[in-house]
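Colleague: Quick one: the structure is below, and I'll ask about it shortly.
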Amino acid sequence: MSPRRKSYSVAETVVGSDPDVDPVVVRFDDRPGRPPQVFDFGEFADFPNLYRNVAAAFNRHCGALKRTTRNGHFRGIHQFFAFLREQRSSGARVDMPGELRTETLQAYAAWLQRPTLTIHTQAGYYGATIRVLGELRRFRPSLFDHLVVPRRQFPGVGLARATRSTRKLDRQRLEALRHAAWREVQAIWSDFSRGQMLLAEARKRLDAEQRPPNLRDLGEFLVYVEREFGGVLPRFHRGHDQRLIELVKRHGGTLVIARCLYTTPETLAPFLILIGADTFANSDALRAFRRDCVRPYPLFEGSYLVRWDKGRSSGQQQRQLSGAAPSSVPRLVERLLALTQRLVPHAHPDEQDRLFLCRVRKKRHRASLVENTVLKETLRKLMRRWDIRDANGRLLQFNLAMLRPSGLTLLYRQRRDLIGVSRAAGHSSLAVTVRYVLDPETERDNDLFIARRQSELPRINGKRTGGDVERPATPEQPAQGVGFACAEPMEGRSPRARPGELCPEWLWPLTDPGLVIPNDARFLARLLQLQRHLRAARHEMRADRFNLVYLPLLELIDEEIVPRFTDADVVEDAEALVDVLAPLPDLVTA
């Protein structure tokens with residue numbers, strides 16, 4: 001795919017009173033071969049000191065957005081200038097950058113609240129406007145730095161979105177879905193491998209006998225398709241070669257021929273399910289995976305980085321995954337590359353670097369990126385074929401968007417590590433992760449989990465509970481209270497760990513959402529010992545390994561846990577105990 005091309009050019013400086021000057025036009029040429037998207041800001045030229053700045057901010061902010069989102073932003077800007085015209089006609093001064101105030105935007109939010117617009121439309125117009133104005137503050141601070149943009153003018157919209165439950169799959173149905181998808185993948189690969197074997201044998205036989213292919217033989221018919229049509233069946237239409245159509249029917253139809261040579265939406269669906277369930281990628285980003293999305297991870301043998309682009313993210317998303325299992329993402333991508341290889345030359349140039357290509361009908365190009373509308377029906381057939389039902393006994397209404405929240409929620413319930421789940425999801429804020437994983441069942445589990453931790457508080461402090469016998473404190477005991485028990489956290493030795501991934505048990509108490517931190521010198525001494533041990537290892541270990549395995553825990557201790565100990569006597573006693581604790585394992589050789 002050719003790189004996105006955007007035009008940041010605007011017309012030369014003009015005098016607003018000159019009616020013959022060309023208007024400012026913002027143009028996005030981000031889809032080569034297709035008409036550009038053009039926004040004419042000339043209709044706002046009656047505000048000569050504002051509209052060019054707004055056009056430049058719109059260009060900067062909307063460059064990476066979808067076309068439909070840009071249209072929505074432009075409609076919001078249109079509403080804002082209509083409001084400014086009314087304000088000016090009533091005597092208010094709003095023509096200069098310095099005359100735009102926070103009160104102006106608050107009045108704009110009130111102006112939008114009229115019966116002809118729903119609250120969601122009002123919030124959409126206002127949100128589009130303040131995003132563009134926020135861009136103005138960033139790149140034109142000399143003119144707009146004074147403008148404080150008021151947010152949350154329509155709090156009802158955010159409340160409705162926050163309380164709306166996300167459709168998720170429980171563990172039982174997700175496992176049933178994965179099992180069905182894997183069985184389908186095995187059958188698809190078996191048919192493809194058989195077709196490739198027949199193709200290779202027929203090609204060798206024809207080369208030896210120097211004769212044209214016998215089209216009644218499936219292998220030799222595949223050779224004919226490869227030689228005449230580039231390995232992809234042509235589009236059949238009225239008046240097409242009826243003999244070829246009859247031959248395709250003789251060999252089982254287009255779907256049977258396709259399974260021997262390339263992918264269709266039906267054969268892509270199970271791959272999308274398995275890859276989406278393991279990467280937690282958004283559904284749109286999942287469909288847009290590139291063919292080079294998997295790369296070996298240089299730090300750990302047998303481990304891979306899976307990378308993809310996400311529309312609303314400033315950078316690439318990624319997950320580190322093992323490639324040991326046949327159903328792992330790296331192995332699935334290898335199979336997809338083979339299955340879609342013949343389709344690449346027949347796809348649009350913009351889509352030839354995509355992974356999920358399939359044979360399409362009724363289009364100029366015979367191959368294309370699989371579409372959501374086609375996948376919807378394909379997934380419905382897969383649910384019926386494997387009889388996967390919801391909790392009410394009805395056929396499961398499944399779509400790819402359910403994989404991400406389902407997978408993240410189940411990962412959190414398994415590991416109880418919100419930071420790790422946020423890292424796996426590629427979120428920049430823990431608040432976003434909470435919105436994904438929080439639901440009534442998760443809240444109930446958290447309440448029970450915290451209650452168990454609180455019931456163990458007396459034992460952690462060394463006090464007698466029930467039939468326990470109080471033991472004398474021995475400062476020489478190993479520092480296991482902070483979870484430092486695993487010598488090699490990447491080997492997958494834990495029952496819930498996988499080779500090449502960080503063990504979920506690794507220092508888990510420090511990331512435990514129900515962690516109780518007693519104001520106790522022995523507890524603090526173990527933390528201080530671990531803190532010093534990590535700091536010492538930082539200068540003796542490879543930086544990439546330390547940053548992956550140990551740096552998040554060191555930052556958590558430095559910034560979140562140790563600062564909570566404010567009692568000077570406890571800190572003094574803890575520092576005295578550090579030197580008599582049993583030594584920790586050597587991290588450099590572990």
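Residues are referred to by chain and number: the chain letter is A, B, ... according to the order shown in the structure tokens, the number counts from 1 in that chain, and ligands are numbered separately from 1 in the order shown.
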Quick one: residues within 9 Å of Ile188 of chain A, only C-alpha atoms counted, chain neighbours fewer than 3 positions away excluded, as a list of chain:residue names?
Modeller: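 The residues that qualify are A:Arg183, A:Glu184, A:Val185, A:Asp191, A:Phe192, A:Ser193, A:Arg259, A:Cys260, A:Thr267.
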Colleague: Do a neighbour search on Glu135 of chain A at 12 Å with only C-alpha atoms, toss out local chain neighbours closer than 2 positions, and write the hits as a VMD selection string.
Modeller: chain A and resid 53 to 62 128 to 133 137 to 141 144 to 145 147 to 149
Colleague: Those residues you just picked out, can you put them in a file as a compact mmCIF listing (two decimals), in the first residue's frame with N, CA, C and O atoms?
Modeller:
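Final output, selection_30.txt:
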# COMPACT_ATOMS: atom_id res chain seq x y z
N ASN A 53 -7.24 29.69 10.19
CA ASN A 53 -6.67 28.97 11.32
C ASN A 53 -7.46 27.70 11.61
O ASN A 53 -6.88 26.64 11.89
N VAL A 54 -8.78 27.79 11.55
CA VAL A 54 -9.61 26.62 11.80
C VAL A 54 -9.38 25.57 10.71
O VAL A 54 -9.32 24.36 10.97
N ALA A 55 -9.21 26.01 9.46
CA ALA A 55 -8.95 25.08 8.36
C ALA A 55 -7.62 24.34 8.59
O ALA A 55 -7.53 23.12 8.37
N ALA A 56 -6.60 25.06 9.02
CA ALA A 56 -5.31 24.42 9.27
C ALA A 56 -5.40 23.43 10.43
O ALA A 56 -4.83 22.34 10.38
N ALA A 57 -6.13 23.79 11.50
CA ALA A 57 -6.30 22.88 12.63
C ALA A 57 -7.09 21.64 12.21
O ALA A 57 -6.79 20.52 12.64
N PHE A 58 -8.11 21.83 11.40
CA PHE A 58 -8.90 20.71 10.89
C PHE A 58 -8.01 19.76 10.08
O PHE A 58 -8.11 18.54 10.21
N ASN A 59 -7.13 20.33 9.27
CA ASN A 59 -6.23 19.52 8.45
C ASN A 59 -5.28 18.70 9.33
O ASN A 59 -5.06 17.51 9.09
N ARG A 60 -4.73 19.32 10.36
CA ARG A 60 -3.79 18.63 11.23
C ARG A 60 -4.48 17.55 12.05
O ARG A 60 -3.95 16.45 12.23
N HIS A 61 -5.68 17.84 12.54
CA HIS A 61 -6.34 16.91 13.44
C HIS A 61 -6.95 15.72 12.69
O HIS A 61 -6.96 14.59 13.20
N CYS A 62 -7.45 15.93 11.49
CA CYS A 62 -8.24 14.91 10.79
C CYS A 62 -7.43 14.06 9.83
O CYS A 62 -7.98 13.20 9.16
N ALA A 128 -16.76 17.54 18.14
CA ALA A 128 -15.96 17.80 16.94
C ALA A 128 -15.34 19.19 16.98
O ALA A 128 -14.18 19.40 16.62
N THR A 129 -16.11 20.17 17.45
CA THR A 129 -15.62 21.55 17.49
C THR A 129 -14.47 21.71 18.47
O THR A 129 -13.43 22.29 18.15
N ILE A 130 -14.63 21.19 19.68
CA ILE A 130 -13.59 21.42 20.70
C ILE A 130 -12.32 20.63 20.38
O ILE A 130 -11.23 21.03 20.79
N ARG A 131 -12.44 19.55 19.63
CA ARG A 131 -11.22 18.83 19.25
C ARG A 131 -10.39 19.66 18.26
O ARG A 131 -9.17 19.71 18.35
N VAL A 132 -11.06 20.29 17.32
CA VAL A 132 -10.35 21.13 16.36
C VAL A 132 -9.80 22.37 17.07
O VAL A 132 -8.65 22.79 16.82
N LEU A 133 -10.57 22.97 17.97
CA LEU A 133 -10.08 24.14 18.70
C LEU A 133 -8.94 23.76 19.64
O LEU A 133 -8.02 24.56 19.85
N ARG A 137 -5.01 25.38 19.88
CA ARG A 137 -4.21 25.78 21.04
C ARG A 137 -2.81 25.19 20.98
O ARG A 137 -1.84 25.83 21.43
N ARG A 138 -2.69 23.98 20.43
CA ARG A 138 -1.39 23.32 20.42
C ARG A 138 -0.44 23.90 19.38
O ARG A 138 0.75 24.08 19.66
N PHE A 139 -0.94 24.19 18.17
CA PHE A 139 0.00 24.62 17.13
C PHE A 139 -0.07 26.12 16.84
O PHE A 139 0.74 26.63 16.07
N ARG A 140 -1.01 26.86 17.43
CA ARG A 140 -1.05 28.33 17.31
C ARG A 140 -1.19 28.94 18.70
O ARG A 140 -2.16 29.66 18.99
N PRO A 141 -0.25 28.65 19.62
CA PRO A 141 -0.41 29.14 20.99
C PRO A 141 -0.38 30.65 21.09
O PRO A 141 -0.99 31.23 21.99
N PHE A 144 -4.17 31.44 20.34
CA PHE A 144 -5.29 30.75 20.98
C PHE A 144 -4.92 30.12 22.32
O PHE A 144 -5.73 29.36 22.86
N ASP A 145 -3.75 30.41 22.86
CA ASP A 145 -3.37 29.78 24.12
C ASP A 145 -4.28 30.19 25.27
O ASP A 145 -4.38 29.50 26.28
N LEU A 147 -7.44 30.28 25.25
CA LEU A 147 -8.74 29.63 25.15
C LEU A 147 -8.73 28.32 25.93
O LEU A 147 -8.08 27.35 25.53
N VAL A 148 -9.44 28.29 27.04
CA VAL A 148 -9.61 27.07 27.83
C VAL A 148 -10.87 26.37 27.34
O VAL A 148 -11.96 26.92 27.44
N VAL A 149 -10.71 25.18 26.79
CA VAL A 149 -11.83 24.47 26.18
C VAL A 149 -12.60 23.73 27.25
O VAL A 149 -12.07 22.80 27.88
Colleague: Record the distance separating atom CA of Asp170 of chain A and atom CA of Arg335 of chain A, expressed in Å with one decimal.
Modeller: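 These two atoms are separated by 28.4 Å.
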Colleague: Closest to Ala180 of chain A among A:Val94, A:Val306, A:Met383, A:Ala347, using only C-alpha atoms?
Modeller: A:Met383
Colleague: Mind checking which residues fall within 9 Å of Ser328 of chain A, counting only C-alpha atoms, ignoring those fewer than 4 positions away in the same chain, and posting them as a ChimeraX atom specification?
Modeller: /A:274-275,278,321-324,332-333
Colleague: Need to verify the contact set: Gln79 of chain A, 12 Å, only C-alpha atoms, exclusion of same-chain residues closer than 2 positions in sequence. Can you return it as a list in words?
Modeller: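 Contacts, in chain order: Phe44, Gly72, His73, Phe74, Arg75, Gly76, Ile77, Phe81, Ala82, Phe83, Leu84, Arg85, Glu86, Tyr108, Ala109, Trp111, Leu112, Leu117, Thr121, Gln122, Ala123, Gly124, Tyr125, Tyr126, Gly127, Ala128 and Thr129 of chain A.
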Colleague: Which polymer residues have any atom within 9 Å of an atom of segment 243-257 of chain A, counting only C-alpha atoms, with same-chain residues fewer than 4 positions away left out, as a list in words?
Modeller: Asp191, Gly195, Leu215, Arg216, Asp217, Leu218, Phe221, Leu222, Leu233, Phe236, Leu261, Tyr262 and Thr264 of chain A
Colleague: DSSP on the backbone: what in segment 189-381 of chain A comes out helix (DSSP H, G or I), as a ChimeraX atom specification?
Modeller: /A:189-209,218-229,242-250,254-261,265-279,283-287,329-346,349-351,372-381
Colleague: In Å, how far is it from atom CA of Leu382 of chain A to atom CA of Gln172 of chain A?
Modeller: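 Computing the Euclidean distance for atom CA of Leu382 of chain A and atom CA of Gln172 of chain A yields 17.0 Å.
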Colleague: Mind checking which residues fall within 9 Å of Thr263 of chain A, counting only C-alpha atoms, ignoring those fewer than 6 positions away in the same chain, and posting them as JSON, numbers by chain?
Modeller: {"A": [336, 339, 340, 343, 356, 357, 358, 359]}
Colleague: Just the number, please: distance in Å from atom CA of Leu408 of chain A to atom CA of His427 of chain A, one decimal.
Modeller: 11.5 Å
Colleague: I'd like to know which residues of segment 159-361 of chain A are strand (DSSP E) (by DSSP, run on the backbone); could you write them as a list in words?
Modeller: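 Reading the DSSP output for segment 159-361 of chain A, strand (DSSP E) covers Val294, Arg295, Pro296, Ser303, Tyr304, Leu305, Val306, Arg307, Trp308, Asp309, Gln316, Gln317, Gln318, Arg319, Gln320, Leu321, Ser322, Leu357, Cys358 and Arg359 of chain A.
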Colleague: For the selection just defined, write its residues with N, CA, C and O atoms to a file, as a short mmCIF file (atom, residue, chain, number, x, y, z; two decimals), in the first residue's frame.
Modeller:
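What ended up in result_17.cif:
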data_model
loop_
_atom_site.label_atom_id
_atom_site.label_comp_id
_atom_site.auth_asym_id
_atom_site.auth_seq_id
_atom_site.Cartn_x
_atom_site.Cartn_y
_atom_site.Cartn_z
N VAL A 294 3.83 -10.41 11.75
CA VAL A 294 4.52 -11.27 12.72
C VAL A 294 6.02 -11.22 12.47
O VAL A 294 6.47 -11.41 11.33
N ARG A 295 6.77 -10.96 13.55
CA ARG A 295 8.24 -10.93 13.46
C ARG A 295 8.83 -11.67 14.64
O ARG A 295 8.29 -11.59 15.75
N PRO A 296 9.93 -12.38 14.45
CA PRO A 296 10.56 -13.07 15.59
C PRO A 296 10.99 -12.06 16.65
O PRO A 296 11.48 -10.97 16.34
N SER A 303 9.64 -16.99 20.53
CA SER A 303 8.64 -15.97 20.84
C SER A 303 8.57 -14.98 19.69
O SER A 303 9.57 -14.73 19.00
N TYR A 304 7.37 -14.41 19.46
CA TYR A 304 7.15 -13.53 18.31
C TYR A 304 6.41 -12.27 18.76
O TYR A 304 5.67 -12.28 19.75
N LEU A 305 6.62 -11.20 18.02
CA LEU A 305 5.86 -9.96 18.19
C LEU A 305 4.84 -9.87 17.07
O LEU A 305 5.19 -9.96 15.89
N VAL A 306 3.60 -9.69 17.44
CA VAL A 306 2.53 -9.47 16.47
C VAL A 306 2.15 -8.00 16.53
O VAL A 306 1.75 -7.50 17.58
N ARG A 307 2.31 -7.29 15.41
CA ARG A 307 2.09 -5.84 15.38
C ARG A 307 1.01 -5.49 14.37
O ARG A 307 0.92 -6.12 13.32
N TRP A 308 0.22 -4.47 14.70
CA TRP A 308 -0.82 -4.02 13.79
C TRP A 308 -1.14 -2.56 14.06
O TRP A 308 -0.77 -2.01 15.10
N ASP A 309 -1.80 -1.94 13.10
CA ASP A 309 -2.17 -0.53 13.20
C ASP A 309 -3.59 -0.41 13.74
O ASP A 309 -4.48 -1.20 13.40
N GLN A 316 1.76 1.80 16.77
CA GLN A 316 1.34 0.43 16.51
C GLN A 316 0.97 -0.28 17.81
O GLN A 316 1.54 -0.01 18.86
N GLN A 317 0.00 -1.18 17.69
CA GLN A 317 -0.33 -2.08 18.79
C GLN A 317 0.51 -3.34 18.61
O GLN A 317 0.88 -3.70 17.49
N GLN A 318 0.79 -4.04 19.71
CA GLN A 318 1.57 -5.25 19.59
C GLN A 318 1.30 -6.18 20.77
O GLN A 318 0.88 -5.75 21.85
N ARG A 319 1.54 -7.48 20.55
CA ARG A 319 1.49 -8.49 21.59
C ARG A 319 2.64 -9.46 21.37
O ARG A 319 2.97 -9.81 20.24
N GLN A 320 3.24 -9.88 22.46
CA GLN A 320 4.28 -10.89 22.40
C GLN A 320 3.63 -12.25 22.63
O GLN A 320 3.00 -12.47 23.66
N LEU A 321 3.78 -13.16 21.66
CA LEU A 321 3.12 -14.45 21.73
C LEU A 321 4.10 -15.57 21.37
O LEU A 321 5.04 -15.36 20.60
N SER A 322 3.84 -16.72 21.92
CA SER A 322 4.65 -17.90 21.59
C SER A 322 4.17 -18.50 20.27
O SER A 322 2.99 -18.43 19.93
N LEU A 357 -7.06 -11.35 2.75
CA LEU A 357 -7.61 -11.21 1.40
C LEU A 357 -8.50 -12.40 1.08
O LEU A 357 -8.27 -13.51 1.58
N CYS A 358 -9.50 -12.17 0.25
CA CYS A 358 -10.37 -13.27 -0.15
C CYS A 358 -10.87 -13.02 -1.57
O CYS A 358 -10.80 -11.90 -2.10
N ARG A 359 -11.37 -14.08 -2.17
CA ARG A 359 -11.98 -13.99 -3.51
C ARG A 359 -13.32 -13.29 -3.39
O ARG A 359 -14.13 -13.64 -2.54
#
Colleague: Any idea what's packed within 12 Å of Pro345 of chain A, counting only C-alpha atoms, ignoring anything in its chain fewer than 4 positions away? Could you give it as an MDAnalysis selection string?
Modeller: chainID A and resid 229:232 340:341 349:354 357:359 365:368
